[in-house]
$ cat protein-v1.cif   # mmCIF, C-alpha atoms
data_final
loop_
_atom_site.label_atom_id
_atom_site.label_comp_id
_atom_site.auth_asym_id
_atom_site.auth_seq_id
_atom_site.Cartn_x
_atom_site.Cartn_y
_atom_site.Cartn_z
CA MET A 1 26.75 -1.26 -24.55
CA ILE A 2 29.66 -2.57 -22.49
CA VAL A 3 30.41 -0.57 -19.36
CA ASP A 4 33.77 -0.70 -17.67
CA PRO A 5 33.14 -2.67 -14.43
CA GLY A 6 35.20 -0.27 -12.35
CA PHE A 7 33.15 2.67 -13.58
CA ALA A 8 29.89 0.75 -12.91
CA ILE A 9 30.87 0.11 -9.29
CA VAL A 10 31.72 3.78 -8.73
CA ALA A 11 28.49 4.90 -10.42
CA VAL A 12 26.32 2.54 -8.34
CA ALA A 13 28.08 3.67 -5.15
CA ALA A 14 27.53 7.32 -6.10
CA VAL A 15 23.81 6.74 -6.72
CA ASP A 16 23.47 4.85 -3.42
CA LEU A 17 25.28 7.60 -1.52
CA ALA A 18 23.16 10.30 -3.12
CA LEU A 19 19.92 8.45 -2.28
CA LEU A 20 20.96 7.80 1.33
CA THR A 21 22.03 11.43 1.78
CA LEU A 22 18.67 12.60 0.44
CA LEU A 23 16.93 10.19 2.83
CA LEU A 24 18.82 11.74 5.75
CA VAL A 25 18.00 15.28 4.58
CA VAL A 26 14.30 14.47 4.20
CA ALA A 27 14.17 12.73 7.58
CA TRP A 28 15.83 15.76 9.22
CA GLN A 29 13.36 18.11 7.55
CA MET A 30 10.48 15.94 8.80
CA LEU A 31 11.81 16.27 12.34
CA GLN A 32 12.19 20.03 11.99
CA SER A 33 8.83 20.86 10.47
CA ARG A 34 5.84 21.50 12.73
CA GLN A 35 3.50 21.89 9.76
CA LEU A 36 1.65 18.59 9.39
CA PHE A 37 0.98 19.05 5.69
CA ALA A 38 4.72 19.41 5.01
CA VAL A 39 5.47 16.36 7.18
CA VAL A 40 2.95 14.22 5.26
CA MET A 41 4.38 15.32 1.91
CA LEU A 42 7.96 14.72 3.10
CA SER A 43 7.03 11.22 4.28
CA GLY A 44 5.76 10.51 0.76
CA ILE A 45 9.07 11.74 -0.65
CA TYR A 46 10.91 9.59 1.90
CA SER A 47 9.00 6.51 0.70
CA LEU A 48 9.73 7.30 -2.93
CA LEU A 49 13.45 7.70 -2.16
CA SER A 50 13.52 4.39 -0.29
CA ALA A 51 11.76 2.76 -3.24
CA ALA A 52 14.54 4.08 -5.49
CA PHE A 53 17.09 2.70 -3.05
CA PHE A 54 15.38 -0.74 -3.12
CA VAL A 55 15.65 -0.71 -6.93
CA SER A 56 19.36 -0.05 -6.54
CA LEU A 57 19.51 -3.09 -4.22
CA ASP A 58 17.79 -5.22 -6.94
CA ALA A 59 14.68 -5.71 -4.76
CA VAL A 60 12.25 -4.65 -7.47
CA ASP A 61 9.15 -6.21 -5.92
CA VAL A 62 9.78 -4.49 -2.59
CA ALA A 63 10.46 -1.21 -4.38
CA PHE A 64 7.18 -1.54 -6.28
CA THR A 65 5.24 -2.12 -3.08
CA GLU A 66 7.00 0.73 -1.29
CA ALA A 67 6.27 3.13 -4.14
CA ALA A 68 2.61 2.12 -4.39
CA VAL A 69 1.79 1.73 -0.71
CA GLY A 70 4.30 3.99 1.03
CA ALA A 71 4.48 6.88 -1.38
CA GLY A 72 0.98 6.57 -2.82
CA ILE A 73 -1.70 5.26 -0.50
CA SER A 74 -0.25 6.17 2.89
CA THR A 75 0.39 9.75 1.83
CA VAL A 76 -3.22 10.15 0.74
CA LEU A 77 -4.55 8.42 3.86
CA MET A 78 -2.37 10.61 6.10
CA LEU A 79 -3.57 13.63 4.15
CA SER A 80 -7.22 12.75 4.67
CA ALA A 81 -6.59 11.90 8.32
CA MET A 82 -4.80 15.27 8.68
CA LEU A 83 -7.97 17.04 7.56
CA LEU A 84 -9.71 15.71 10.66
CA THR A 85 -7.21 17.25 13.07
CA ALA A 86 -5.22 20.44 13.60
CA ARG A 87 -2.83 21.55 10.87
CA ARG A 88 0.13 22.12 13.16
CA GLU A 89 1.96 19.92 15.60
CA LYS A 90 1.94 21.00 19.24
CA PRO A 91 5.15 22.74 20.36
CA LEU A 92 7.80 20.37 21.65
CA LYS A 93 8.26 19.95 25.41
CA VAL A 94 11.98 20.64 25.77
CA GLY A 95 12.33 19.07 29.21
CA ARG A 96 12.08 15.48 28.00
CA ALA A 97 14.39 15.78 25.00
CA PRO A 98 17.63 14.47 26.64
CA VAL A 99 15.99 11.14 27.64
CA GLY A 100 14.91 10.50 24.08
CA LEU A 101 18.27 11.57 22.71
CA ILE A 102 20.13 9.18 25.03
CA ALA A 103 17.81 6.28 24.16
CA VAL A 104 18.24 6.95 20.42
CA LEU A 105 22.02 7.20 20.77
CA ILE A 106 22.26 3.88 22.65
CA VAL A 107 20.01 2.02 20.18
CA GLY A 108 21.81 3.62 17.25
CA ALA A 109 25.22 2.60 18.62
CA ALA A 110 23.95 -0.97 19.14
CA LEU A 111 22.69 -1.09 15.53
CA PHE A 112 26.02 0.22 14.22
CA TYR A 113 27.82 -2.44 16.28
CA ALA A 114 25.50 -5.15 14.90
CA SER A 115 26.09 -3.99 11.32
CA ILE A 116 29.78 -4.99 11.62
CA ASP A 117 28.71 -8.66 11.69
CA MET A 118 26.35 -8.33 8.71
CA PRO A 119 27.35 -10.35 5.63
CA ALA A 120 28.43 -8.37 2.56
CA PHE A 121 25.72 -7.31 0.10
CA GLY A 122 24.98 -10.16 -2.32
CA ASP A 123 27.15 -12.66 -0.42
CA PRO A 124 25.99 -16.11 -1.66
CA ASN A 125 26.90 -17.66 1.70
CA ALA A 126 24.83 -15.19 3.72
CA PRO A 127 22.12 -16.96 5.73
CA ALA A 128 19.37 -15.11 3.84
CA ASN A 129 20.66 -16.47 0.52
CA ALA A 130 21.98 -19.87 1.54
CA TYR A 131 19.41 -22.25 2.97
CA VAL A 132 15.72 -21.67 2.22
CA GLY A 133 16.41 -18.92 -0.33
CA GLN A 134 18.72 -21.21 -2.31
CA ALA A 135 16.13 -24.00 -2.12
CA TYR A 136 13.42 -21.73 -3.58
CA VAL A 137 15.71 -20.65 -6.42
CA ASP A 138 16.59 -24.28 -7.18
CA ARG A 139 13.10 -25.75 -6.95
CA THR A 140 10.84 -23.07 -8.44
CA PRO A 141 11.56 -23.91 -12.13
CA ASN A 142 10.79 -27.60 -11.55
CA GLU A 143 7.90 -27.34 -9.10
CA ILE A 144 6.06 -24.12 -9.97
CA GLY A 145 7.29 -23.13 -13.42
CA VAL A 146 6.78 -19.40 -12.81
CA PRO A 147 9.58 -17.06 -13.98
CA ASN A 148 9.19 -14.63 -11.04
CA ILE A 149 10.42 -16.51 -7.99
CA VAL A 150 9.02 -13.83 -5.67
CA THR A 151 5.51 -14.63 -6.94
CA ALA A 152 6.15 -18.37 -6.59
CA VAL A 153 7.19 -17.94 -2.96
CA LEU A 154 4.43 -15.46 -2.16
CA ALA A 155 1.48 -17.19 -3.77
CA SER A 156 2.45 -20.86 -3.74
CA TYR A 157 5.17 -21.88 -1.25
CA ARG A 158 3.97 -19.34 1.30
CA GLY A 159 0.36 -19.29 0.09
CA PHE A 160 -0.97 -19.80 3.59
CA ASP A 161 0.95 -16.74 4.85
CA THR A 162 -0.43 -14.64 2.04
CA LEU A 163 -3.94 -15.83 2.86
CA GLY A 164 -3.31 -14.54 6.38
CA GLU A 165 -2.05 -11.21 5.01
CA THR A 166 -5.15 -10.86 2.86
CA LEU A 167 -7.27 -11.53 5.91
CA VAL A 168 -5.34 -8.84 7.80
CA VAL A 169 -6.10 -6.32 5.04
CA PHE A 170 -9.75 -7.44 5.05
CA THR A 171 -9.90 -7.07 8.83
CA ALA A 172 -8.43 -3.55 8.59
CA GLY A 173 -11.18 -2.57 6.16
CA VAL A 174 -13.88 -4.07 8.36
CA ALA A 175 -12.43 -2.36 11.43
CA VAL A 176 -12.45 1.05 9.73
CA MET A 177 -16.04 0.47 8.64
CA LEU A 178 -17.05 -0.48 12.18
CA LEU A 179 -15.19 2.40 13.83
CA LEU A 180 -16.12 5.19 11.44
CA GLY A 181 -19.49 3.65 10.64
CA VAL A 182 -20.83 2.74 7.23
CA GLY A 183 -24.53 2.65 8.09
CA SER A 184 -24.75 5.28 10.83
CA PRO A 185 -26.45 8.62 10.05
CA ARG A 186 -23.18 10.54 9.93
CA GLY A 187 -20.91 7.68 8.90
CA GLY A 188 -18.75 8.41 5.87
CA ARG A 189 -20.61 11.65 5.27
CA ALA A 190 -19.80 15.27 5.99
CA VAL A 191 -19.73 16.09 9.68
CA SER A 192 -21.06 19.51 10.61
CA ASP A 193 -19.48 20.75 13.80
CA PRO A 194 -20.96 24.08 14.97
CA ASP A 195 -17.96 24.76 17.21
CA ALA A 196 -15.50 24.67 14.34
CA GLY A 197 -17.33 27.50 12.56
CA ASN A 198 -17.18 25.37 9.45
CA GLN A 199 -20.86 25.12 8.48
CA LEU A 200 -21.57 23.16 5.34
CA GLU A 201 -24.35 24.23 3.05
CA GLY A 202 -27.65 23.03 4.56
CA GLY A 203 -28.00 19.96 6.73
CA GLN A 204 -26.46 16.91 5.15
CA ALA A 205 -25.73 15.82 8.67
CA GLN A 206 -28.34 17.85 10.54
CA GLY A 207 -31.24 16.04 8.83
CA GLY A 208 -30.43 12.62 10.26
CA ALA A 209 -30.73 11.57 13.85
CA ARG A 210 -27.59 12.05 15.98
CA PRO A 211 -27.69 9.09 18.34
CA GLU A 212 -24.34 9.88 19.98
CA ARG A 213 -25.72 13.25 21.07
CA ASP A 214 -29.00 11.79 22.35
CA ALA A 215 -27.33 9.14 24.42
CA MET B 1 -16.18 26.38 -7.30
CA ARG B 2 -14.11 23.42 -8.34
CA ASP B 3 -13.82 24.64 -11.91
CA GLU B 4 -10.63 26.45 -11.00
CA HIS B 5 -8.48 23.31 -11.02
CA LEU B 6 -8.81 22.95 -14.77
CA ILE B 7 -5.38 21.41 -15.39
CA LEU B 8 -5.82 18.82 -12.63
CA ARG B 9 -9.27 17.88 -13.90
CA VAL B 10 -8.11 17.43 -17.48
CA MET B 11 -5.01 15.48 -16.44
CA MET B 12 -7.18 13.23 -14.27
CA LYS B 13 -9.35 12.37 -17.28
CA VAL B 14 -6.23 11.60 -19.34
CA LEU B 15 -4.56 9.50 -16.64
CA PHE B 16 -7.50 7.52 -15.25
CA ALA B 17 -7.69 4.81 -17.93
CA PRO B 18 -3.91 4.23 -18.20
CA ILE B 19 -3.66 3.82 -14.41
CA ILE B 20 -6.43 1.20 -14.41
CA LEU B 21 -4.79 -0.53 -17.39
CA PHE B 22 -1.44 -0.55 -15.58
CA ALA B 23 -3.14 -2.04 -12.52
CA PHE B 24 -4.43 -4.94 -14.62
CA TYR B 25 -1.02 -5.36 -16.25
CA VAL B 26 0.64 -5.58 -12.83
CA GLN B 27 -2.12 -7.94 -11.67
CA PHE B 28 -1.89 -10.49 -14.47
CA HIS B 29 1.81 -10.11 -15.28
CA GLY B 30 2.89 -10.82 -11.70
CA ASP B 31 4.04 -14.33 -12.67
CA TYR B 32 6.57 -12.93 -15.12
CA GLY B 33 7.73 -9.60 -13.69
CA PRO B 34 7.61 -7.62 -10.51
CA GLY B 35 4.16 -7.06 -9.12
CA GLY B 36 1.16 -9.06 -8.08
CA GLY B 37 -2.14 -8.72 -6.32
CA PHE B 38 -1.10 -6.34 -3.55
CA GLN B 39 0.55 -3.80 -5.84
CA ALA B 40 -2.18 -4.09 -8.48
CA GLY B 41 -4.90 -3.57 -5.90
CA VAL B 42 -3.21 -0.45 -4.60
CA ILE B 43 -2.70 0.98 -8.10
CA PHE B 44 -6.35 0.28 -8.93
CA ALA B 45 -7.41 2.09 -5.76
CA VAL B 46 -5.06 5.00 -6.53
CA ALA B 47 -6.93 5.76 -9.76
CA PHE B 48 -10.18 6.21 -7.84
CA ILE B 49 -8.45 8.10 -5.00
CA LEU B 50 -7.06 10.60 -7.54
CA HIS B 51 -10.57 10.95 -8.90
CA GLY B 52 -11.83 11.56 -5.38
CA LEU B 53 -9.13 14.15 -4.62
CA ILE B 54 -9.94 16.17 -7.73
CA TYR B 55 -13.70 15.76 -8.20
CA GLY B 56 -14.65 15.29 -4.55
CA VAL B 57 -15.36 12.03 -2.75
CA GLY B 58 -19.10 12.36 -3.42
CA ALA B 59 -18.59 11.96 -7.17
CA THR B 60 -16.31 8.96 -6.65
CA ARG B 61 -18.82 7.35 -4.31
CA ARG B 62 -21.48 7.67 -6.99
CA ALA B 63 -19.15 6.06 -9.55
CA LEU B 64 -18.10 3.20 -7.27
CA PRO B 65 -20.46 2.90 -4.29
CA GLN B 66 -19.42 1.58 -0.90
CA GLY B 67 -21.81 -1.35 -1.25
CA ALA B 68 -19.87 -2.67 -4.23
CA LEU B 69 -16.58 -2.24 -2.34
CA THR B 70 -17.85 -4.20 0.65
CA ALA B 71 -18.88 -7.01 -1.68
CA MET B 72 -15.49 -6.87 -3.47
CA MET B 73 -13.64 -7.17 -0.17
CA ALA B 74 -15.57 -10.29 0.77
CA VAL B 75 -15.40 -11.84 -2.71
CA GLY B 76 -11.63 -11.29 -2.87
CA VAL B 77 -11.01 -13.14 0.39
CA PHE B 78 -13.55 -15.77 -0.66
CA LEU B 79 -11.69 -16.37 -3.96
CA TYR B 80 -8.43 -16.94 -2.08
CA ALA B 81 -9.83 -19.12 0.69
CA GLY B 82 -12.13 -20.86 -1.82
CA THR B 83 -9.14 -21.93 -3.93
CA GLY B 84 -7.68 -23.48 -0.80
CA ALA B 85 -10.97 -25.25 -0.07
CA VAL B 86 -11.19 -26.57 -3.65
CA THR B 87 -7.70 -28.08 -3.50
CA MET B 88 -8.68 -29.73 -0.22
CA LEU B 89 -11.90 -31.10 -1.77
CA LEU B 90 -9.77 -32.51 -4.60
CA GLY B 91 -7.87 -34.50 -2.01
CA ARG B 92 -4.68 -32.46 -1.59
CA ASN B 93 -3.44 -30.00 1.03
CA LEU B 94 -4.80 -26.47 1.45
CA LEU B 95 -3.61 -24.32 -1.49
CA ALA B 96 -1.74 -27.22 -3.16
CA TYR B 97 -2.54 -25.86 -6.62
CA ASP B 98 -1.26 -28.93 -8.48
CA ALA B 99 -4.58 -30.60 -7.59
CA LEU B 100 -6.42 -28.18 -9.91
CA VAL B 101 -4.92 -29.71 -13.08
CA PRO B 102 -3.56 -33.14 -12.15
CA ASN B 103 -0.94 -34.81 -14.37
CA SER B 104 -0.06 -31.53 -16.09
CA THR B 105 3.35 -31.49 -17.74
CA HIS B 106 3.88 -27.74 -17.38
CA HIS B 107 2.45 -27.00 -13.92
CA ALA B 108 -0.85 -25.66 -15.27
CA GLY B 109 -2.43 -26.11 -11.84
CA GLN B 110 0.16 -23.84 -10.23
CA HIS B 111 -0.42 -21.18 -12.90
CA TYR B 112 -4.21 -21.23 -12.51
CA GLY B 113 -4.00 -21.32 -8.73
CA ILE B 114 -1.59 -18.38 -8.51
CA LEU B 115 -3.69 -16.40 -11.01
CA VAL B 116 -6.93 -16.89 -9.07
CA VAL B 117 -5.34 -16.31 -5.69
CA GLU B 118 -3.57 -13.14 -6.81
CA PHE B 119 -6.81 -11.87 -8.32
CA GLY B 120 -8.50 -12.41 -4.98
CA VAL B 121 -5.70 -10.50 -3.22
CA GLY B 122 -5.96 -7.64 -5.74
CA MET B 123 -9.72 -7.36 -5.32
CA ALA B 124 -9.58 -7.42 -1.52
CA VAL B 125 -6.72 -4.90 -1.34
CA ALA B 126 -8.27 -2.47 -3.84
CA ALA B 127 -11.66 -2.57 -2.10
CA THR B 128 -10.14 -2.21 1.36
CA MET B 129 -7.93 0.75 0.39
CA LEU B 130 -10.89 2.55 -1.17
CA THR B 131 -13.10 1.74 1.82
CA ILE B 132 -10.54 3.27 4.18
CA PHE B 133 -10.16 6.30 1.91
CA TYR B 134 -13.93 6.81 1.66
CA HIS B 135 -14.34 6.65 5.42
CA PHE B 136 -11.52 9.06 6.21
CA ALA B 137 -11.96 11.49 3.34
CA GLY B 138 -15.76 11.36 3.42
CA ARG B 139 -15.84 13.19 6.73
CA GLU B 140 -14.43 16.37 5.19
CA PRO B 141 -15.93 16.71 1.73
CA GLU B 142 -12.97 18.30 0.02
CA ILE B 143 -9.57 19.75 0.77
CA ARG B 144 -9.87 23.52 1.04
CA ASP B 145 -7.44 25.47 -1.10
CA GLU B 146 -5.84 27.23 1.86
CA ASP B 147 -4.82 23.85 3.31
CA TRP B 148 -2.46 23.08 0.46
#
$ encode --input "protein-v1.cif" --output "structure tokens"
Amino acid sequence: MIVDPGFAIVAVAAVDLALLTLLLVVAWQMLQSRQLFAVVMLSGIYSLLSAAFFVSLDAVDVAFTEAAVGAGISTVLMLSAMLLTARREKPLKVGRAPVGLIAVLIVGAALFYASIDMPAFGDPNAPANAYVGQAYVDRTPNEIGVPNIVTAVLASYRGFDTLGETLVVFTAGVAVMLLLGVGSPRGGRAVSDPDAGNQLEGGQAQGGARPERDA
Amino acid sequence: MRDEHLILRVMMKVLFAPIILFAFYVQFHGDYGPGGGFQAGVIFAVAFILHGLIYGVGATRRALPQGALTAMMAVGVFLYAGTGAVTMLLGRNLLAYDALVPNSTHHAGQHYGILVVEFGVGMAVAATMLTIFYHFAGREPEIRDEDW
């Protein structure tokens, strides 16, 4: 199917505008809501919308990661972290609001000013596309032979970086295990807190020793 | 008590295998299309997290115990770093995959190296995500209905 190029440009611009408007609306709703459950759900929607926007920018790999990590895993992790705390955000202290507003306005104005100097989208002479990026595109077919250049850069050219990233993920897992405890009597198991009035059926946690209480 | 979420439970049973299959597709097709170890690991973990959300974390922990996850985390990193060590033992730089299959006409060493390394990343990421989920979600056995 051959699409009129003029129509394609208008259609892409309309989709981009719609996605960006939705992003703004969702972000505003997140600011307004004091209900943590709604905020967590909205942040998942925000990630999904940005993933759609990345697809529209032809950054499929980034979109994939954003959809899986941002919309999927982080939402669930925030949800399970939310269960450990109160369901509502504390009321806002109005007195400090102007300072934050001024700081945001100044930084926002600086970012707008910087965006004037940004190269046009897809500009082949833009620094991001010209030097190293161009070299990867030119050399990957001869040196790596992998159709997906992103994978070639990630796993081969920048293999050492990715090793570091994997180690960071590994360290995060180890840190969570150490902090929340994998072998401790209450670690990873139901916590019974008499003060919360949320007694679980019969002592999963009561049976074991409670060293942090004894200390 | 949990029998009330009948639709969710049935849908979970339908969706579990396709999600795992998709994770493996993303894992091993990363050379040719979008995706790779990080995304595949997360998708793999998502299947088990969905299981945990619907059937309770206790059931998921029985299906895939924490001990196995801890081992997977270590093995994943070991696969990645081990590939680098092997290329060094073969006399090339760290992670110079061409050393794996010398004198190949179609970069077989690069293909094998990327495959192994990405598999290590996928394993480490999947195990880490599930470990974090187990430790956070395991403190409160299930989401009460009034919280939704």
$ atom_distance --input "protein-v1.cif" --atom1 "CA of Thr21 in chain A" --atom2 "CA of Leu48 in chain A"
13.8 Å
$ resolve_selection --input "protein-v1.cif" --expression "the PyMOL selection byres ((chain A) within 9 of (chain B))" --output "PyMOL selection string"
chain A and resi 37+60-62+64-65+68-69+72-73+76-77+79-81+83-84+87+142-152+155-157+159-160+162-163+166-167+169-174+176-177+180-182+186-191
$ write_last_selection --input "protein-v1.cif" --atoms "C-alpha atoms" --output "PDB file, in the coordinates of the input"
ATOM      1  CA  PHE A  37       0.980  19.050   5.690  1.00  0.00           C
ATOM      2  CA  VAL A  60      12.250  -4.650  -7.470  1.00  0.00           C
ATOM      3  CA  ASP A  61       9.150  -6.210  -5.920  1.00  0.00           C
ATOM      4  CA  VAL A  62       9.780  -4.490  -2.590  1.00  0.00           C
ATOM      5  CA  PHE A  64       7.180  -1.540  -6.280  1.00  0.00           C
ATOM      6  CA  THR A  65       5.240  -2.120  -3.080  1.00  0.00           C
ATOM      7  CA  ALA A  68       2.610   2.120  -4.390  1.00  0.00           C
ATOM      8  CA  VAL A  69       1.790   1.730  -0.710  1.00  0.00           C
ATOM      9  CA  GLY A  72       0.980   6.570  -2.820  1.00  0.00           C
ATOM     10  CA  ILE A  73      -1.700   5.260  -0.500  1.00  0.00           C
ATOM     11  CA  VAL A  76      -3.220  10.150   0.740  1.00  0.00           C
ATOM     12  CA  LEU A  77      -4.550   8.420   3.860  1.00  0.00           C
ATOM     13  CA  LEU A  79      -3.570  13.630   4.150  1.00  0.00           C
ATOM     14  CA  SER A  80      -7.220  12.750   4.670  1.00  0.00           C
ATOM     15  CA  ALA A  81      -6.590  11.900   8.320  1.00  0.00           C
ATOM     16  CA  LEU A  83      -7.970  17.040   7.560  1.00  0.00           C
ATOM     17  CA  LEU A  84      -9.710  15.710  10.660  1.00  0.00           C
ATOM     18  CA  ARG A  87      -2.830  21.550  10.870  1.00  0.00           C
ATOM     19  CA  ASN A 142      10.790 -27.600 -11.550  1.00  0.00           C
ATOM     20  CA  GLU A 143       7.900 -27.340  -9.100  1.00  0.00           C
ATOM     21  CA  ILE A 144       6.060 -24.120  -9.970  1.00  0.00           C
ATOM     22  CA  GLY A 145       7.290 -23.130 -13.420  1.00  0.00           C
ATOM     23  CA  VAL A 146       6.780 -19.400 -12.810  1.00  0.00           C
ATOM     24  CA  PRO A 147       9.580 -17.060 -13.980  1.00  0.00           C
ATOM     25  CA  ASN A 148       9.190 -14.630 -11.040  1.00  0.00           C
ATOM     26  CA  ILE A 149      10.420 -16.510  -7.990  1.00  0.00           C
ATOM     27  CA  VAL A 150       9.020 -13.830  -5.670  1.00  0.00           C
ATOM     28  CA  THR A 151       5.510 -14.630  -6.940  1.00  0.00           C
ATOM     29  CA  ALA A 152       6.150 -18.370  -6.590  1.00  0.00           C
ATOM     30  CA  ALA A 155       1.480 -17.190  -3.770  1.00  0.00           C
ATOM     31  CA  SER A 156       2.450 -20.860  -3.740  1.00  0.00           C
ATOM     32  CA  TYR A 157       5.170 -21.880  -1.250  1.00  0.00           C
ATOM     33  CA  GLY A 159       0.360 -19.290   0.090  1.00  0.00           C
ATOM     34  CA  PHE A 160      -0.970 -19.800   3.590  1.00  0.00           C
ATOM     35  CA  THR A 162      -0.430 -14.640   2.040  1.00  0.00           C
ATOM     36  CA  LEU A 163      -3.940 -15.830   2.860  1.00  0.00           C
ATOM     37  CA  THR A 166      -5.150 -10.860   2.860  1.00  0.00           C
ATOM     38  CA  LEU A 167      -7.270 -11.530   5.910  1.00  0.00           C
ATOM     39  CA  VAL A 169      -6.100  -6.320   5.040  1.00  0.00           C
ATOM     40  CA  PHE A 170      -9.750  -7.440   5.050  1.00  0.00           C
ATOM     41  CA  THR A 171      -9.900  -7.070   8.830  1.00  0.00           C
ATOM     42  CA  ALA A 172      -8.430  -3.550   8.590  1.00  0.00           C
ATOM     43  CA  GLY A 173     -11.180  -2.570   6.160  1.00  0.00           C
ATOM     44  CA  VAL A 174     -13.880  -4.070   8.360  1.00  0.00           C
ATOM     45  CA  VAL A 176     -12.450   1.050   9.730  1.00  0.00           C
ATOM     46  CA  MET A 177     -16.040   0.470   8.640  1.00  0.00           C
ATOM     47  CA  LEU A 180     -16.120   5.190  11.440  1.00  0.00           C
ATOM     48  CA  GLY A 181     -19.490   3.650  10.640  1.00  0.00           C
ATOM     49  CA  VAL A 182     -20.830   2.740   7.230  1.00  0.00           C
ATOM     50  CA  ARG A 186     -23.180  10.540   9.930  1.00  0.00           C
ATOM     51  CA  GLY A 187     -20.910   7.680   8.900  1.00  0.00           C
ATOM     52  CA  GLY A 188     -18.750   8.410   5.870  1.00  0.00           C
ATOM     53  CA  ARG A 189     -20.610  11.650   5.270  1.00  0.00           C
ATOM     54  CA  ALA A 190     -19.800  15.270   5.990  1.00  0.00           C
ATOM     55  CA  VAL A 191     -19.730  16.090   9.680  1.00  0.00           C
TER      56      VAL A 191
END
$ atom_distance --input "protein-v1.cif" --atom1 "CA of Gln32 in chain A" --atom2 "CA of Gly70 in chain A"
21.0 Å
$ atom_distance --input "protein-v1.cif" --atom1 "CA of Glu89 in chain A" --atom2 "CA of Leu179 in chain A"
24.6 Å
$ residues_around --input "protein-v1.cif" --residues "range 10-19 of chain B" --least-positions-apart "4" --cutoff "9 Å" --atoms "only C-alpha atoms" --output "ChimeraX atom specification"
/B:5-6,23-24,43-44,46-48,50-51,54
$ axis_aligned_box --input "protein-v1.cif" --around "range 49-68 of chain A" --padding-each-side "4 Å" --output "AutoDock Vina command-line options"
--center_x 11.1 --center_y 0.7 --center_z -3.9 --size_x 24.9 --size_y 21.9 --size_z 15.2
$ residues_around --input "protein-v1.cif" --residues "Ala52 in chain A" --least-positions-apart "6" --cutoff "12 Å" --atoms "all atoms listed in the file" --output "list in words"
Val15, Asp16, Leu17, Ala18, Leu19, Leu20, Leu22, Leu23, Ile45, Tyr46, Asp58, Ala59, Val60, Asp61, Val62, Ala63, Phe64, Thr65, Glu66, Ala67 and Ala71 of chain A
$ build_atoms --input "protein-v1.cif" --residues "range 22-34 of chain A" --atoms "N, CA and C atoms" --output "PDB file, in the frame of the given file"
ATOM      1  N   LEU A  22      19.988  11.957   0.569  1.00  0.00           N
ATOM      2  CA  LEU A  22      18.670  12.600   0.440  1.00  0.00           C
ATOM      3  C   LEU A  22      17.716  12.075   1.503  1.00  0.00           C
ATOM      4  N   LEU A  23      17.784  10.770   1.787  1.00  0.00           N
ATOM      5  CA  LEU A  23      16.930  10.190   2.830  1.00  0.00           C
ATOM      6  C   LEU A  23      17.178  10.888   4.164  1.00  0.00           C
ATOM      7  N   LEU A  24      18.474  11.077   4.485  1.00  0.00           N
ATOM      8  CA  LEU A  24      18.820  11.740   5.750  1.00  0.00           C
ATOM      9  C   LEU A  24      18.271  13.164   5.768  1.00  0.00           C
ATOM     10  N   VAL A  25      18.457  13.887   4.645  1.00  0.00           N
ATOM     11  CA  VAL A  25      18.000  15.280   4.580  1.00  0.00           C
ATOM     12  C   VAL A  25      16.481  15.345   4.784  1.00  0.00           C
ATOM     13  N   VAL A  26      15.766  14.451   4.088  1.00  0.00           N
ATOM     14  CA  VAL A  26      14.300  14.470   4.200  1.00  0.00           C
ATOM     15  C   VAL A  26      13.870  14.123   5.620  1.00  0.00           C
ATOM     16  N   ALA A  27      14.530  13.114   6.213  1.00  0.00           N
ATOM     17  CA  ALA A  27      14.170  12.730   7.580  1.00  0.00           C
ATOM     18  C   ALA A  27      14.413  13.905   8.543  1.00  0.00           C
ATOM     19  N   TRP A  28      15.520  14.620   8.355  1.00  0.00           N
ATOM     20  CA  TRP A  28      15.830  15.760   9.220  1.00  0.00           C
ATOM     21  C   TRP A  28      14.772  16.856   9.049  1.00  0.00           C
ATOM     22  N   GLN A  29      14.394  17.096   7.803  1.00  0.00           N
ATOM     23  CA  GLN A  29      13.360  18.110   7.550  1.00  0.00           C
ATOM     24  C   GLN A  29      12.044  17.716   8.215  1.00  0.00           C
ATOM     25  N   MET A  30      11.719  16.403   8.162  1.00  0.00           N
ATOM     26  CA  MET A  30      10.480  15.940   8.800  1.00  0.00           C
ATOM     27  C   MET A  30      10.511  16.209  10.291  1.00  0.00           C
ATOM     28  N   LEU A  31      11.692  16.010  10.907  1.00  0.00           N
ATOM     29  CA  LEU A  31      11.810  16.270  12.340  1.00  0.00           C
ATOM     30  C   LEU A  31      11.655  17.752  12.634  1.00  0.00           C
ATOM     31  N   GLN A  32      12.178  18.595  11.733  1.00  0.00           N
ATOM     32  CA  GLN A  32      12.190  20.030  11.990  1.00  0.00           C
ATOM     33  C   GLN A  32      10.815  20.658  11.824  1.00  0.00           C
ATOM     34  N   SER A  33      10.061  20.169  10.827  1.00  0.00           N
ATOM     35  CA  SER A  33       8.830  20.860  10.470  1.00  0.00           C
ATOM     36  C   SER A  33       7.730  20.600  11.492  1.00  0.00           C
ATOM     37  N   ARG A  34       6.999  21.653  11.851  1.00  0.00           N
ATOM     38  CA  ARG A  34       5.840  21.500  12.730  1.00  0.00           C
ATOM     39  C   ARG A  34       4.548  21.519  11.929  1.00  0.00           C
TER      40      ARG A  34
END
